[in-house]
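> Structure: query18.txt, compact mmCIF, N, CA, C and O atoms.
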# COMPACT_ATOMS: atom_id res chain seq x y z
N MET T 21 0.84 -1.18 0.00
CA MET T 21 0.00 0.00 0.00
C MET T 21 0.89 1.25 0.00
O MET T 21 1.87 1.32 0.73
N ALA T 22 0.52 2.21 -0.80
CA ALA T 22 1.28 3.46 -0.87
C ALA T 22 0.64 4.49 0.06
O ALA T 22 -0.56 4.45 0.32
N MET T 23 1.45 5.41 0.55
CA MET T 23 0.95 6.44 1.44
C MET T 23 -0.15 7.26 0.76
O MET T 23 -1.11 7.67 1.41
N THR T 24 -0.04 7.47 -0.55
CA THR T 24 -1.05 8.25 -1.27
C THR T 24 -2.38 7.50 -1.41
O THR T 24 -3.37 8.10 -1.81
N ASP T 25 -2.41 6.21 -1.06
CA ASP T 25 -3.67 5.49 -1.00
C ASP T 25 -4.45 5.89 0.26
O ASP T 25 -5.66 5.71 0.34
N LEU T 26 -3.72 6.42 1.24
CA LEU T 26 -4.31 6.77 2.54
C LEU T 26 -4.45 8.27 2.75
O LEU T 26 -5.35 8.72 3.45
N LEU T 27 -3.54 9.03 2.17
CA LEU T 27 -3.49 10.48 2.37
C LEU T 27 -3.41 11.21 1.04
O LEU T 27 -2.95 10.64 0.06
N LYS T 28 -3.83 12.47 1.01
CA LYS T 28 -3.78 13.27 -0.21
C LYS T 28 -2.36 13.75 -0.49
O LYS T 28 -1.71 14.33 0.39
N ALA T 29 -1.90 13.54 -1.71
CA ALA T 29 -0.53 13.92 -2.10
C ALA T 29 -0.27 15.40 -1.86
O ALA T 29 0.82 15.78 -1.40
N GLU T 30 -1.25 16.25 -2.15
CA GLU T 30 -1.02 17.69 -1.99
C GLU T 30 -0.87 18.08 -0.52
O GLU T 30 -0.11 18.98 -0.17
N GLU T 31 -1.58 17.38 0.38
CA GLU T 31 -1.44 17.66 1.81
C GLU T 31 -0.08 17.18 2.32
O GLU T 31 0.54 17.83 3.16
N ILE T 32 0.39 16.05 1.81
CA ILE T 32 1.71 15.54 2.18
C ILE T 32 2.77 16.55 1.74
O ILE T 32 3.64 16.92 2.53
N LYS T 33 2.68 17.02 0.50
CA LYS T 33 3.67 17.97 -0.02
C LYS T 33 3.67 19.26 0.80
O LYS T 33 4.73 19.77 1.16
N LYS T 34 2.49 19.77 1.11
CA LYS T 34 2.38 21.01 1.89
C LYS T 34 3.03 20.84 3.28
O LYS T 34 3.76 21.71 3.74
N ALA T 35 2.78 19.70 3.91
CA ALA T 35 3.36 19.45 5.24
C ALA T 35 4.87 19.28 5.16
O ALA T 35 5.60 19.80 6.00
N LEU T 36 5.35 18.56 4.13
CA LEU T 36 6.80 18.38 3.97
C LEU T 36 7.47 19.73 3.73
O LEU T 36 8.54 20.01 4.29
N ASP T 37 6.85 20.56 2.90
CA ASP T 37 7.39 21.90 2.63
C ASP T 37 7.45 22.74 3.90
O ASP T 37 8.40 23.49 4.12
N ALA T 38 6.44 22.62 4.75
CA ALA T 38 6.38 23.40 5.98
C ALA T 38 7.55 23.06 6.92
O ALA T 38 8.02 23.92 7.65
N PHE T 39 8.00 21.80 6.87
CA PHE T 39 9.08 21.38 7.76
C PHE T 39 10.43 21.24 7.05
O PHE T 39 11.37 20.70 7.60
N ALA T 40 10.51 21.74 5.83
CA ALA T 40 11.76 21.64 5.06
C ALA T 40 12.92 22.33 5.79
O ALA T 40 14.03 21.83 5.83
N ALA T 41 12.65 23.49 6.36
CA ALA T 41 13.71 24.25 7.02
C ALA T 41 13.38 24.53 8.49
O ALA T 41 14.05 25.29 9.15
N GLU T 42 12.33 23.89 8.97
CA GLU T 42 11.86 24.12 10.33
C GLU T 42 12.01 22.82 11.12
O GLU T 42 11.95 21.74 10.54
N THR T 43 12.19 22.92 12.43
CA THR T 43 12.29 21.73 13.26
C THR T 43 11.01 20.90 13.14
O THR T 43 9.91 21.43 13.24
N PHE T 44 11.18 19.62 12.90
CA PHE T 44 10.06 18.70 12.71
C PHE T 44 9.25 18.55 13.99
O PHE T 44 9.80 18.32 15.07
N ASN T 45 7.93 18.67 13.87
CA ASN T 45 7.01 18.47 14.98
C ASN T 45 6.03 17.39 14.53
O ASN T 45 5.16 17.65 13.70
N PRO T 46 6.16 16.16 15.04
CA PRO T 46 5.31 15.07 14.55
C PRO T 46 3.81 15.32 14.70
O PRO T 46 3.05 15.07 13.77
N LYS T 47 3.39 15.87 15.84
CA LYS T 47 1.95 16.10 16.04
C LYS T 47 1.41 17.09 15.01
O LYS T 47 0.34 16.89 14.44
N LYS T 48 2.14 18.17 14.80
CA LYS T 48 1.72 19.19 13.83
C LYS T 48 1.72 18.60 12.41
O LYS T 48 0.81 18.83 11.62
N PHE T 49 2.76 17.82 12.10
CA PHE T 49 2.86 17.19 10.78
C PHE T 49 1.67 16.25 10.53
O PHE T 49 1.02 16.32 9.49
N PHE T 50 1.37 15.39 11.51
CA PHE T 50 0.27 14.43 11.35
C PHE T 50 -1.06 15.16 11.16
O PHE T 50 -1.91 14.72 10.40
N GLU T 51 -1.22 16.28 11.85
CA GLU T 51 -2.44 17.07 11.68
C GLU T 51 -2.50 17.68 10.28
O GLU T 51 -3.54 17.64 9.61
N MET T 52 -1.36 18.19 9.79
CA MET T 52 -1.31 18.83 8.48
C MET T 52 -1.62 17.85 7.34
O MET T 52 -2.23 18.23 6.34
N VAL T 53 -1.19 16.60 7.48
CA VAL T 53 -1.45 15.62 6.41
C VAL T 53 -2.83 14.96 6.54
O VAL T 53 -3.20 14.14 5.72
N GLY T 54 -3.58 15.34 7.58
CA GLY T 54 -4.94 14.83 7.73
C GLY T 54 -5.07 13.58 8.56
O GLY T 54 -6.15 12.98 8.62
N MET T 55 -4.00 13.17 9.23
CA MET T 55 -4.07 11.92 10.01
C MET T 55 -4.88 12.05 11.29
O MET T 55 -5.49 11.09 11.73
N LYS T 56 -4.89 13.24 11.90
CA LYS T 56 -5.62 13.44 13.15
C LYS T 56 -7.11 13.15 12.96
O LYS T 56 -7.78 12.68 13.87
N ALA T 57 -7.61 13.40 11.76
CA ALA T 57 -9.03 13.18 11.47
C ALA T 57 -9.33 11.75 11.01
O ALA T 57 -10.49 11.38 10.82
N MET T 58 -8.29 10.94 10.84
CA MET T 58 -8.47 9.56 10.36
C MET T 58 -8.93 8.64 11.48
O MET T 58 -8.66 8.89 12.65
N SER T 59 -9.54 7.54 11.10
CA SER T 59 -9.89 6.51 12.08
C SER T 59 -8.61 5.85 12.60
O SER T 59 -7.57 5.89 11.95
N ALA T 60 -8.72 5.25 13.78
CA ALA T 60 -7.58 4.53 14.35
C ALA T 60 -7.10 3.44 13.38
O ALA T 60 -5.90 3.22 13.23
N GLU T 61 -8.04 2.80 12.72
CA GLU T 61 -7.70 1.73 11.78
C GLU T 61 -6.82 2.26 10.63
O GLU T 61 -5.83 1.64 10.25
N ASN T 62 -7.17 3.43 10.08
CA ASN T 62 -6.39 3.99 8.98
C ASN T 62 -5.04 4.53 9.46
O ASN T 62 -4.05 4.44 8.73
N VAL T 63 -5.00 5.07 10.66
CA VAL T 63 -3.71 5.51 11.22
C VAL T 63 -2.78 4.30 11.34
O VAL T 63 -1.59 4.39 11.04
N LYS T 64 -3.33 3.17 11.72
CA LYS T 64 -2.52 1.95 11.84
C LYS T 64 -2.04 1.46 10.47
O LYS T 64 -0.94 0.90 10.37
N LYS T 65 -2.81 1.74 9.42
CA LYS T 65 -2.34 1.40 8.07
C LYS T 65 -1.15 2.29 7.68
O LYS T 65 -0.20 1.82 7.05
N VAL T 66 -1.20 3.56 8.08
CA VAL T 66 -0.07 4.47 7.84
C VAL T 66 1.16 3.92 8.57
O VAL T 66 2.26 3.87 8.02
N PHE T 67 0.96 3.50 9.82
CA PHE T 67 2.06 2.92 10.60
C PHE T 67 2.70 1.76 9.85
O PHE T 67 3.92 1.65 9.77
N GLN T 68 1.88 0.89 9.28
CA GLN T 68 2.40 -0.29 8.58
C GLN T 68 3.24 0.10 7.36
O GLN T 68 4.21 -0.57 7.05
N VAL T 69 2.88 1.21 6.70
CA VAL T 69 3.69 1.70 5.59
C VAL T 69 5.05 2.19 6.11
O VAL T 69 6.09 1.95 5.50
N LEU T 70 5.04 2.85 7.26
CA LEU T 70 6.27 3.42 7.83
C LEU T 70 7.17 2.36 8.48
O LEU T 70 8.37 2.56 8.61
N ASP T 71 6.58 1.24 8.88
CA ASP T 71 7.33 0.13 9.50
C ASP T 71 8.01 -0.66 8.38
O ASP T 71 7.57 -1.74 8.00
N VAL T 72 9.10 -0.11 7.89
CA VAL T 72 9.78 -0.62 6.69
C VAL T 72 10.18 -2.09 6.81
O VAL T 72 10.01 -2.87 5.88
N ASP T 73 10.69 -2.48 7.98
CA ASP T 73 11.16 -3.87 8.12
C ASP T 73 10.07 -4.84 8.57
O ASP T 73 10.31 -6.03 8.74
N GLY T 74 8.85 -4.33 8.79
CA GLY T 74 7.73 -5.20 9.14
C GLY T 74 7.81 -5.82 10.52
O GLY T 74 7.17 -6.82 10.80
N SER T 75 8.57 -5.19 11.42
CA SER T 75 8.78 -5.75 12.76
C SER T 75 7.62 -5.50 13.71
O SER T 75 7.56 -6.08 14.80
N GLY T 76 6.70 -4.61 13.32
CA GLY T 76 5.62 -4.24 14.22
C GLY T 76 5.98 -3.03 15.08
O GLY T 76 5.20 -2.61 15.93
N PHE T 77 7.17 -2.49 14.83
CA PHE T 77 7.64 -1.31 15.55
C PHE T 77 8.35 -0.38 14.57
O PHE T 77 8.88 -0.82 13.57
N ILE T 78 8.34 0.91 14.90
CA ILE T 78 9.18 1.86 14.18
C ILE T 78 10.36 2.14 15.09
O ILE T 78 10.21 2.77 16.14
N GLU T 79 11.51 1.59 14.71
CA GLU T 79 12.72 1.77 15.49
C GLU T 79 13.37 3.11 15.15
O GLU T 79 13.03 3.74 14.15
N GLU T 80 14.33 3.50 15.98
CA GLU T 80 14.99 4.80 15.80
C GLU T 80 15.57 4.96 14.40
O GLU T 80 15.46 6.03 13.80
N GLU T 81 16.15 3.90 13.84
CA GLU T 81 16.74 3.99 12.50
C GLU T 81 15.67 4.26 11.44
O GLU T 81 15.87 5.05 10.53
N GLU T 82 14.50 3.63 11.57
CA GLU T 82 13.40 3.89 10.63
C GLU T 82 12.83 5.29 10.83
O GLU T 82 12.43 5.95 9.88
N LEU T 83 12.81 5.73 12.07
CA LEU T 83 12.25 7.04 12.40
C LEU T 83 13.01 8.16 11.71
O LEU T 83 12.41 9.13 11.26
N LYS T 84 14.31 8.02 11.59
CA LYS T 84 15.15 9.03 10.94
C LYS T 84 14.66 9.30 9.50
O LYS T 84 14.73 10.42 9.02
N PHE T 85 14.14 8.27 8.86
CA PHE T 85 13.72 8.38 7.45
C PHE T 85 12.18 8.42 7.31
O PHE T 85 11.66 8.19 6.23
N VAL T 86 11.48 8.73 8.40
CA VAL T 86 10.02 8.66 8.41
C VAL T 86 9.37 9.55 7.35
O VAL T 86 8.38 9.17 6.74
N LEU T 87 9.95 10.71 7.07
CA LEU T 87 9.34 11.60 6.07
C LEU T 87 9.43 11.03 4.66
O LEU T 87 8.58 11.29 3.83
N LYS T 88 10.44 10.20 4.42
CA LYS T 88 10.55 9.52 3.12
C LYS T 88 9.43 8.49 2.96
O LYS T 88 9.06 8.14 1.85
N GLY T 89 8.88 8.03 4.06
CA GLY T 89 7.74 7.13 4.03
C GLY T 89 6.48 7.81 3.51
O GLY T 89 5.59 7.17 2.97
N PHE T 90 6.43 9.13 3.68
CA PHE T 90 5.30 9.91 3.18
C PHE T 90 5.52 10.31 1.73
O PHE T 90 4.58 10.40 0.96
N SER T 91 6.78 10.58 1.37
CA SER T 91 7.13 10.98 0.00
C SER T 91 8.61 10.79 -0.21
O SER T 91 9.41 11.08 0.67
N LYS T 92 9.00 10.33 -1.41
CA LYS T 92 10.43 10.15 -1.69
C LYS T 92 11.20 11.47 -1.57
O LYS T 92 12.41 11.48 -1.40
N ASP T 93 10.47 12.59 -1.65
CA ASP T 93 11.09 13.91 -1.53
C ASP T 93 11.28 14.35 -0.07
O ASP T 93 11.83 15.42 0.18
N GLY T 94 10.78 13.55 0.87
CA GLY T 94 10.92 13.91 2.29
C GLY T 94 12.38 13.93 2.71
O GLY T 94 13.18 13.15 2.23
N ARG T 95 12.70 14.84 3.63
CA ARG T 95 14.08 14.92 4.12
C ARG T 95 14.29 13.95 5.28
O ARG T 95 13.33 13.46 5.88
N ASP T 96 15.56 13.69 5.60
CA ASP T 96 15.89 12.90 6.77
C ASP T 96 15.71 13.78 8.01
O ASP T 96 15.97 14.99 7.95
N LEU T 97 15.28 13.18 9.10
CA LEU T 97 15.22 13.92 10.36
C LEU T 97 16.63 14.04 10.92
O LEU T 97 17.45 13.14 10.73
N THR T 98 16.89 15.11 11.64
CA THR T 98 18.18 15.24 12.32
C THR T 98 18.18 14.28 13.50
O THR T 98 17.12 13.77 13.91
N ASP T 99 19.34 14.03 14.08
CA ASP T 99 19.41 13.15 15.26
C ASP T 99 18.56 13.71 16.39
O ASP T 99 17.85 12.96 17.07
N ALA T 100 18.59 15.03 16.58
CA ALA T 100 17.81 15.66 17.65
C ALA T 100 16.31 15.50 17.40
O ALA T 100 15.54 15.21 18.32
N GLU T 101 15.88 15.68 16.14
CA GLU T 101 14.47 15.51 15.80
C GLU T 101 14.03 14.06 15.99
O GLU T 101 12.93 13.79 16.50
N THR T 102 14.89 13.13 15.59
CA THR T 102 14.58 11.71 15.74
C THR T 102 14.39 11.36 17.21
O THR T 102 13.42 10.70 17.59
N LYS T 103 15.31 11.82 18.05
CA LYS T 103 15.24 11.52 19.49
C LYS T 103 14.01 12.18 20.13
O LYS T 103 13.34 11.57 20.98
N ALA T 104 13.67 13.41 19.72
CA ALA T 104 12.48 14.09 20.26
C ALA T 104 11.20 13.36 19.85
O ALA T 104 10.27 13.22 20.66
N PHE T 105 11.14 12.90 18.60
CA PHE T 105 9.98 12.15 18.10
C PHE T 105 9.84 10.86 18.90
O PHE T 105 8.75 10.52 19.39
N LEU T 106 10.94 10.15 19.07
CA LEU T 106 10.92 8.89 19.82
C LEU T 106 10.45 9.13 21.26
O LEU T 106 9.59 8.41 21.77
N LYS T 107 10.97 10.18 21.88
CA LYS T 107 10.61 10.50 23.26
C LYS T 107 9.11 10.82 23.37
O LYS T 107 8.46 10.41 24.33
N ALA T 108 8.58 11.53 22.39
CA ALA T 108 7.16 11.91 22.41
C ALA T 108 6.24 10.70 22.27
O ALA T 108 5.14 10.68 22.84
N ALA T 109 6.65 9.71 21.50
CA ALA T 109 5.77 8.59 21.18
C ALA T 109 6.01 7.33 22.00
O ALA T 109 5.09 6.56 22.23
N ASP T 110 7.25 7.11 22.44
CA ASP T 110 7.62 5.86 23.12
C ASP T 110 7.21 5.89 24.59
O ASP T 110 8.00 6.20 25.46
N LYS T 111 5.95 5.57 24.84
CA LYS T 111 5.40 5.68 26.20
C LYS T 111 5.91 4.59 27.15
O LYS T 111 5.97 4.80 28.35
N ASP T 112 6.26 3.41 26.62
CA ASP T 112 6.71 2.33 27.51
C ASP T 112 8.23 2.29 27.67
O ASP T 112 8.76 1.45 28.40
N GLY T 113 8.93 3.20 26.98
CA GLY T 113 10.37 3.34 27.17
C GLY T 113 11.22 2.21 26.60
O GLY T 113 12.36 2.02 27.02
N ASP T 114 10.69 1.46 25.61
CA ASP T 114 11.47 0.34 25.06
C ASP T 114 12.38 0.76 23.90
O ASP T 114 13.04 -0.08 23.29
N GLY T 115 12.40 2.06 23.58
CA GLY T 115 13.30 2.54 22.54
C GLY T 115 12.77 2.42 21.12
O GLY T 115 13.49 2.60 20.15
N LYS T 116 11.48 2.10 20.99
CA LYS T 116 10.85 1.99 19.68
C LYS T 116 9.38 2.33 19.82
O LYS T 116 8.85 2.36 20.92
N ILE T 117 8.73 2.60 18.69
CA ILE T 117 7.33 3.01 18.71
C ILE T 117 6.45 1.87 18.21
O ILE T 117 6.60 1.42 17.08
N GLY T 118 5.57 1.42 19.07
CA GLY T 118 4.62 0.37 18.70
C GLY T 118 3.41 0.99 18.01
O GLY T 118 3.20 2.21 18.05
N ILE T 119 2.59 0.15 17.41
CA ILE T 119 1.44 0.63 16.64
C ILE T 119 0.46 1.40 17.51
O ILE T 119 -0.08 2.43 17.09
N ASP T 120 0.23 0.97 18.74
CA ASP T 120 -0.71 1.67 19.63
C ASP T 120 -0.12 3.00 20.10
O ASP T 120 -0.84 3.99 20.24
N GLU T 121 1.19 3.03 20.34
CA GLU T 121 1.86 4.28 20.73
C GLU T 121 1.77 5.30 19.59
O GLU T 121 1.55 6.49 19.81
N PHE T 122 1.93 4.83 18.36
CA PHE T 122 1.86 5.69 17.18
C PHE T 122 0.46 6.28 17.04
O PHE T 122 0.29 7.49 16.88
N GLU T 123 -0.53 5.43 17.15
CA GLU T 123 -1.92 5.89 17.04
C GLU T 123 -2.24 6.87 18.15
O GLU T 123 -2.92 7.90 17.92
N ALA T 124 -1.76 6.64 19.36
CA ALA T 124 -2.01 7.54 20.48
C ALA T 124 -1.37 8.91 20.24
O ALA T 124 -1.97 9.94 20.55
N LEU T 125 -0.17 8.93 19.67
CA LEU T 125 0.52 10.20 19.38
C LEU T 125 -0.27 11.00 18.34
O LEU T 125 -0.46 12.20 18.48
N VAL T 126 -0.74 10.33 17.30
CA VAL T 126 -1.50 11.00 16.25
C VAL T 126 -2.78 11.61 16.80
O VAL T 126 -3.14 12.74 16.47
N HIS T 127 -3.47 10.89 17.66
CA HIS T 127 -4.77 11.35 18.17
C HIS T 127 -4.68 12.06 19.51
O HIS T 127 -5.72 12.35 20.12
N GLU T 128 -3.49 12.38 19.99
CA GLU T 128 -3.29 13.06 21.26
C GLU T 128 -3.92 14.43 21.26
O GLU T 128 -3.88 15.14 20.29
Would you mind writing the file out in structure tokens?


Amino acid sequence: MAMTDLLKAEEIKKALDAFAAETFNPKKFFEMVGMKAMSAENVKKVFQVLDVDGSGFIEEEELKFVLKGFSKDGRDLTDAETKAFLKAADKDGDGKIGIDEFEALVHE
């Protein structure tokens, strides 16, 4: 499944452009691409697209490239942005983001 099957390409581009030179804010980004208004089921489908290795988790290494999961034109997150994203979403402290943690961050 492609991200554009779940989200509008123009909203993805607008959100990516907004964070091109600005510090990445996952909650604001998810709202801009329309994920906050999505059902939990569809947010979990987005998670599955971002979970590149299919482990059921988004690990720190995958998180660095999360914007590329939305569009090949997405930039890499900086180390600081990656760590801040992980800290915001990783509620159980295991160093990775599970599907329920991801959905909770989107709908927070």

> Provide an axis-aligned box for all listed atoms of range 101-115 of chain T, padding each side by 6 Å; report its centre and its edge lengths in Å to one decimal, as JSON.


{"center_x": 10.5, "center_y": 7.8, "center_z": 22.0, "size_x": 22.8, "size_y": 27.8, "size_z": 24.8}

> What would the list of residues within 7 Å of (2.0, 7.7, 0.7) (file frame) look like as a count of residues only, if only C-alpha atoms are what count?

9

> What separation in Å, quoted to one decimal, exists between CA of Ala60 in chain T and CA of Ala124 in chain T?

8.8 Å

> Per DSSP on the backbone, filter chain T down to the residues in strand (DSSP E) and report them as number ranges by chain.

T: 77-79, 116-118

> Output N, CA, C and O atoms for every residue in that selection, as a short mmCIF file (atom, residue, chain, number, x, y, z; two decimals), keeping the file's coordinate frame.


data_model
loop_
_atom_site.label_atom_id
_atom_site.label_comp_id
_atom_site.auth_asym_id
_atom_site.auth_seq_id
_atom_site.Cartn_x
_atom_site.Cartn_y
_atom_site.Cartn_z
N PHE T 77 7.17 -2.49 14.83
CA PHE T 77 7.64 -1.31 15.55
C PHE T 77 8.35 -0.38 14.57
O PHE T 77 8.88 -0.82 13.57
N ILE T 78 8.34 0.91 14.90
CA ILE T 78 9.18 1.86 14.18
C ILE T 78 10.36 2.14 15.09
O ILE T 78 10.21 2.77 16.14
N GLU T 79 11.51 1.59 14.71
CA GLU T 79 12.72 1.77 15.49
C GLU T 79 13.37 3.11 15.15
O GLU T 79 13.03 3.74 14.15
N LYS T 116 11.48 2.10 20.99
CA LYS T 116 10.85 1.99 19.68
C LYS T 116 9.38 2.33 19.82
O LYS T 116 8.85 2.36 20.92
N ILE T 117 8.73 2.60 18.69
CA ILE T 117 7.33 3.01 18.71
C ILE T 117 6.45 1.87 18.21
O ILE T 117 6.60 1.42 17.08
N GLY T 118 5.57 1.42 19.07
CA GLY T 118 4.62 0.37 18.70
C GLY T 118 3.41 0.99 18.01
O GLY T 118 3.20 2.21 18.05
#

> Enter the distance from CA of Ala104 in chain T to CA of Met21 in chain T, in Å, rounded to one decimal.

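The value is 27.7 Å.
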
> Using only C-alpha atoms, find each residue in range 72-99 of chain T having at least one atom no more than 8 Å away from range 33-40 of chain T; report its shortest atom-to-atom pair and that distance in Å (one decimal), rows by chain then rising number, as a tab-separated table.


residue	atom	partner	partner_atom	distance
T:Leu87	CA	T:Leu36	CA	7.5
T:Ser91	CA	T:Lys33	CA	7.8
T:Gly94	CA	T:Leu36	CA	6.3
T:Arg95	CA	T:Ala40	CA	7.2

> From the list T:Lys47, T:His127, T:Lys84, T:Lys64, which residue is nearest Thr102 in chain T when using all atoms listed in the file?

T:Lys84

> Quote the spacing between atom O of Ala109 in chain T and atom N of Glu123 in chain T in Å to one decimal place.

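That distance, rounded to one decimal, is 7.7 Å.
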
> Using all atoms listed in the file, find the one residue out of T:Phe49, T:Phe44, T:Phe67, T:Phe77 that sits nearest to Lys116 in chain T.

T:Phe77

> Once you count only N, CA, C and O atoms, which residues end up no further than 7 Å from (16.7, 18.3, 11.3) in the file's frame, shown as a VMD selection string?

chain T and resid 39 42 to 44 96 to 102

> From the options T:Ala57, T:Ile32, T:Leu83, T:Leu106, which residue's atoms come nearest to Glu128 in chain T, counting only C-alpha atoms?

T:Ala57

> Missing atoms in range 42-50 of chain T: fill them in up to all heavy atoms and send the result as a short mmCIF file (atom, residue, chain, number, x, y, z; two decimals), in the frame of the given file.


data_model
loop_
_atom_site.label_atom_id
_atom_site.label_comp_id
_atom_site.auth_asym_id
_atom_site.auth_seq_id
_atom_site.Cartn_x
_atom_site.Cartn_y
_atom_site.Cartn_z
N GLU T 42 12.33 23.89 8.97
CA GLU T 42 11.86 24.12 10.33
C GLU T 42 12.01 22.82 11.12
O GLU T 42 11.95 21.74 10.54
CB GLU T 42 10.38 24.52 10.25
CG GLU T 42 9.75 24.91 11.55
CD GLU T 42 8.26 25.25 11.36
OE1 GLU T 42 7.92 25.91 10.37
OE2 GLU T 42 7.47 24.83 12.21
N THR T 43 12.19 22.92 12.43
CA THR T 43 12.29 21.73 13.26
C THR T 43 11.01 20.90 13.14
O THR T 43 9.91 21.43 13.24
CB THR T 43 12.53 22.11 14.73
OG1 THR T 43 13.75 22.85 14.81
CG2 THR T 43 12.66 20.88 15.61
N PHE T 44 11.18 19.62 12.90
CA PHE T 44 10.06 18.70 12.71
C PHE T 44 9.25 18.55 13.99
O PHE T 44 9.80 18.32 15.07
CB PHE T 44 10.57 17.34 12.24
CG PHE T 44 9.47 16.35 12.00
CD1 PHE T 44 8.60 16.51 10.94
CD2 PHE T 44 9.31 15.25 12.83
CE1 PHE T 44 7.57 15.60 10.71
CE2 PHE T 44 8.30 14.32 12.61
CZ PHE T 44 7.43 14.51 11.54
N ASN T 45 7.93 18.67 13.87
CA ASN T 45 7.01 18.47 14.98
C ASN T 45 6.03 17.39 14.53
O ASN T 45 5.16 17.65 13.70
CB ASN T 45 6.29 19.78 15.28
CG ASN T 45 5.25 19.64 16.38
OD1 ASN T 45 4.59 18.61 16.50
ND2 ASN T 45 5.10 20.67 17.17
N PRO T 46 6.16 16.16 15.04
CA PRO T 46 5.31 15.07 14.55
C PRO T 46 3.81 15.32 14.70
O PRO T 46 3.05 15.07 13.77
CB PRO T 46 5.75 13.84 15.34
CG PRO T 46 6.62 14.33 16.43
CD PRO T 46 7.09 15.70 16.06
N LYS T 47 3.39 15.87 15.84
CA LYS T 47 1.95 16.10 16.04
C LYS T 47 1.41 17.09 15.01
O LYS T 47 0.34 16.89 14.44
CB LYS T 47 1.69 16.61 17.46
CG LYS T 47 1.92 15.56 18.53
CD LYS T 47 1.67 16.14 19.89
CE LYS T 47 2.24 15.24 20.96
NZ LYS T 47 2.20 15.84 22.28
N LYS T 48 2.14 18.17 14.80
CA LYS T 48 1.72 19.19 13.83
C LYS T 48 1.72 18.60 12.41
O LYS T 48 0.81 18.83 11.62
CB LYS T 48 2.66 20.39 13.92
CG LYS T 48 2.19 21.60 13.16
CD LYS T 48 3.10 22.79 13.50
CE LYS T 48 2.82 23.96 12.60
NZ LYS T 48 3.77 25.05 12.80
N PHE T 49 2.76 17.82 12.10
CA PHE T 49 2.86 17.19 10.78
C PHE T 49 1.67 16.25 10.53
O PHE T 49 1.02 16.32 9.49
CB PHE T 49 4.18 16.42 10.65
CG PHE T 49 4.34 15.73 9.32
CD1 PHE T 49 4.83 16.42 8.22
CD2 PHE T 49 4.01 14.40 9.16
CE1 PHE T 49 4.98 15.80 6.99
CE2 PHE T 49 4.15 13.75 7.94
CZ PHE T 49 4.64 14.46 6.85
N PHE T 50 1.37 15.39 11.51
CA PHE T 50 0.27 14.43 11.35
C PHE T 50 -1.06 15.16 11.16
O PHE T 50 -1.91 14.72 10.40
CB PHE T 50 0.19 13.48 12.55
CG PHE T 50 1.37 12.57 12.69
CD1 PHE T 50 1.80 12.14 13.94
CD2 PHE T 50 2.07 12.12 11.58
CE1 PHE T 50 2.88 11.30 14.08
CE2 PHE T 50 3.17 11.27 11.70
CZ PHE T 50 3.57 10.87 12.96
#
